[in-house]
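Notes follow the structure.
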Amino acid sequence: MTENPIVGTNEAILRIAKDVWWLLLIRGVIAIAFGIVALVWPDVTVKALIVVVGIFWIVDGIISAVRAIEARKVVTSWVWWLAGALVSVIAGVVLFVWPDLTALAFAYLMGFWAILVGILEIIGAFQVMANGGQWIGTMVAGALALIFGLILVIWPGSGITGLMWLVGIFALAFGVLFIVGAFQVRAAARRAGVA
């Protein structure tokens with residue numbers, strides 16, 4: 001009798017999830033903290049925003065890279081997660097190399113970052129879905145990032161305060177999705193008896 005490869009894949013994914021669910025939690029908490037800062041101080045200067053976003057992108061990219069590397073033995077979507085992590089780290093480094101970007105250039109950079117990350121998250125979600133894994137949270141996060149990026153690229157000149165509000169709301173939604181996802185992954189691993 002042959003073993004169902006999807007069941008084997010799901011169990012392996014849950015074993016990995018048991019070990020890395022807290023990375024999703026940390027990513028969500030950082031995103032929420034960033035969102036709150038963006039909403040509480042929307043009048044922040046472009047330079048301060050560049051520093052904060054640069055740090056966020058680099059930290060988020062590193063956390064995503066760890067998640068991708070941990071999952072590489074079990075899921076094929078790890079490549080897309082790693083690509084998204086590299087996009088975040090590279091974008092963060094760009095902000096530190098050119099800290100004197102104008103608000104308009106910064107809005108475009110953030111928009112293109114969100115579009116790339118959104119597309120990579122959506123592709124990764126489709127691969128997880130094809131393997132029978134839990135994909136909805138990743139798909140929603142990818143779609144939110146894609147919509148956020150398109151808004152920034154289509155209407156980049158909405159002003160720094162408007163940009164901060166948009167960034168803050170996006171970060172809060174993204175953070176909540178990751179926190180919910182972290183606990184769902186942990187609960188699924190417990191139900192499967194691997195946690």
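Ordering of the structure tokens sets the chain letters (A, B, ...), residue numbers begin anew at 1 in every chain, and ligands are numbered from 1 in the order given.
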
Exercise: Ile169 (chain A) partners within 12 Å, only C-alpha atoms, chain neighbours under 4 positions left out, as a list in words: Ala31, Ile32, Ala33, Phe34, Gly35, Ile36, Val37, Ala38, Leu39, Val40, Pro42, Leu144, Ala145, Phe148, Gly162, Leu163, Met164, Trp165, Ala173, Phe174, Gly175 and Val176 of chain A

For region 102-114 of chain A: contacts at 7 Å, only C-alpha atoms, fewer than 3 positions along chain excluded, given as number ranges by chain: A: 46, 87, 91, 117-118, 145-146, 148-150, 152-153, 156-157, 160

Please write the residues from the selection above to a file, keeping N, CA and C atoms, as a PDB file, in the first residue's frame.
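Generated file (selection.pdb):
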```pdb
ATOM      1  N   VAL A  46      10.382  62.478   6.338  1.00  0.00           N
ATOM      2  CA  VAL A  46      10.724  61.423   5.388  1.00  0.00           C
ATOM      3  C   VAL A  46      11.966  60.676   5.864  1.00  0.00           C
ATOM      4  N   VAL A  87      14.054  40.348  -1.102  1.00  0.00           N
ATOM      5  CA  VAL A  87      13.513  41.626  -1.587  1.00  0.00           C
ATOM      6  C   VAL A  87      13.430  42.617  -0.428  1.00  0.00           C
ATOM      7  N   ALA A  91      15.690  45.983  -0.170  1.00  0.00           N
ATOM      8  CA  ALA A  91      14.997  47.275  -0.114  1.00  0.00           C
ATOM      9  C   ALA A  91      15.411  48.050   1.132  1.00  0.00           C
ATOM     10  N   VAL A 117       6.797  41.630  -2.998  1.00  0.00           N
ATOM     11  CA  VAL A 117       6.557  40.748  -1.855  1.00  0.00           C
ATOM     12  C   VAL A 117       5.166  40.111  -1.959  1.00  0.00           C
ATOM     13  N   GLY A 118       4.178  40.883  -2.360  1.00  0.00           N
ATOM     14  CA  GLY A 118       2.826  40.347  -2.512  1.00  0.00           C
ATOM     15  C   GLY A 118       2.757  39.238  -3.544  1.00  0.00           C
ATOM     16  N   ALA A 145      -0.571  43.015   0.445  1.00  0.00           N
ATOM     17  CA  ALA A 145       0.681  43.664   0.045  1.00  0.00           C
ATOM     18  C   ALA A 145       0.592  44.145  -1.403  1.00  0.00           C
ATOM     19  N   LEU A 146       0.027  43.330  -2.272  1.00  0.00           N
ATOM     20  CA  LEU A 146      -0.106  43.685  -3.684  1.00  0.00           C
ATOM     21  C   LEU A 146      -1.007  44.910  -3.855  1.00  0.00           C
ATOM     22  N   PHE A 148      -1.732  47.197  -1.556  1.00  0.00           N
ATOM     23  CA  PHE A 148      -1.024  48.323  -0.947  1.00  0.00           C
ATOM     24  C   PHE A 148       0.004  48.889  -1.925  1.00  0.00           C
ATOM     25  N   GLY A 149       0.782  47.992  -2.556  1.00  0.00           N
ATOM     26  CA  GLY A 149       1.801  48.435  -3.505  1.00  0.00           C
ATOM     27  C   GLY A 149       1.204  49.135  -4.710  1.00  0.00           C
ATOM     28  N   LEU A 150       0.125  48.594  -5.234  1.00  0.00           N
ATOM     29  CA  LEU A 150      -0.525  49.218  -6.388  1.00  0.00           C
ATOM     30  C   LEU A 150      -1.064  50.601  -6.044  1.00  0.00           C
ATOM     31  N   LEU A 152       0.166  52.642  -3.825  1.00  0.00           N
ATOM     32  CA  LEU A 152       1.312  53.555  -3.733  1.00  0.00           C
ATOM     33  C   LEU A 152       1.876  53.914  -5.107  1.00  0.00           C
ATOM     34  N   VAL A 153       1.914  52.953  -6.003  1.00  0.00           N
ATOM     35  CA  VAL A 153       2.466  53.225  -7.335  1.00  0.00           C
ATOM     36  C   VAL A 153       1.508  54.072  -8.170  1.00  0.00           C
ATOM     37  N   PRO A 156       1.197  57.943  -5.826  1.00  0.00           N
ATOM     38  CA  PRO A 156       2.345  58.111  -4.938  1.00  0.00           C
ATOM     39  C   PRO A 156       2.425  59.480  -4.266  1.00  0.00           C
ATOM     40  N   GLY A 157       1.771  60.473  -4.816  1.00  0.00           N
ATOM     41  CA  GLY A 157       1.925  61.828  -4.313  1.00  0.00           C
ATOM     42  C   GLY A 157       0.900  62.246  -3.285  1.00  0.00           C
ATOM     43  N   ILE A 160       3.142  62.836   2.717  1.00  0.00           N
ATOM     44  CA  ILE A 160       3.800  61.975   3.696  1.00  0.00           C
ATOM     45  C   ILE A 160       2.839  61.551   4.798  1.00  0.00           C
TER      46      ILE A 160
END
```

Out of region 2-195 of chain A, which residues get alpha helix (DSSP H) from DSSP, as a VMD selection string? chain A and resid 5 to 40 46 to 71 78 to 97 103 to 130 136 to 154 160 to 191

What lies within 12 Å of region 88-90 of chain A using only C-alpha atoms, ignoring chain neighbours under 6 positions off, as a list in words? Val53, Gly54, Ile55, Phe56, Trp57, Ile58, Val59, Asp60, Gly61, Ile62, Ile63, Ser64, Ala65, Trp81, Leu82, Phe96, Val97, Leu109, Met110, Phe112, Trp113, Ala114, Ile115, Leu116, Val117, Gly118 and Leu120 of chain A

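When only C-alpha atoms are used to measure the gap to Val51 (chain A), the shortest distance among A:Val94, A:Met129, A:Ala141, A:Ala188 belongs to A:Val94.
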
Please, what distance in Å, to one decimal, runs between CA of Arg190 (chain A) and CA of Ala83 (chain A)? 29.2 Å

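Between CA of Leu23 (chain A) and CA of Pro99 (chain A) lies a distance of 28.6 Å.
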
How many Å lie between CA of Ala125 (chain A) and CA of Val75 (chain A), rounded to one decimal? 10.8 Å

Region 25-30 of chain A environment, 6 Å, only C-alpha atoms, sequence neighbours closer than 5 positions dropped, as JSON, numbers by chain: {"A": [175, 178, 179, 182]}

Residue neighbourhood Ile122 (chain A), 7 Å, only C-alpha atoms, exclusion window fewer than 4 positions, as a ChimeraX atom specification: /A:118,126,138-139,142-143

May I have the residues from that selection written out with C-alpha atoms, as a PDB file, in the first residue's frame?
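Final output, saved to part_21.pdb:
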```
ATOM      1  CA  GLY A 118       2.826  40.347  -2.512  1.00  0.00           C
ATOM      2  CA  PHE A 126      -0.518  28.567  -4.351  1.00  0.00           C
ATOM      3  CA  THR A 138      -0.377  33.722   3.215  1.00  0.00           C
ATOM      4  CA  MET A 139      -2.695  34.381   0.274  1.00  0.00           C
ATOM      5  CA  GLY A 142       0.111  38.590  -0.298  1.00  0.00           C
ATOM      6  CA  ALA A 143      -3.070  40.128  -1.706  1.00  0.00           C
TER       7      ALA A 143
END
```
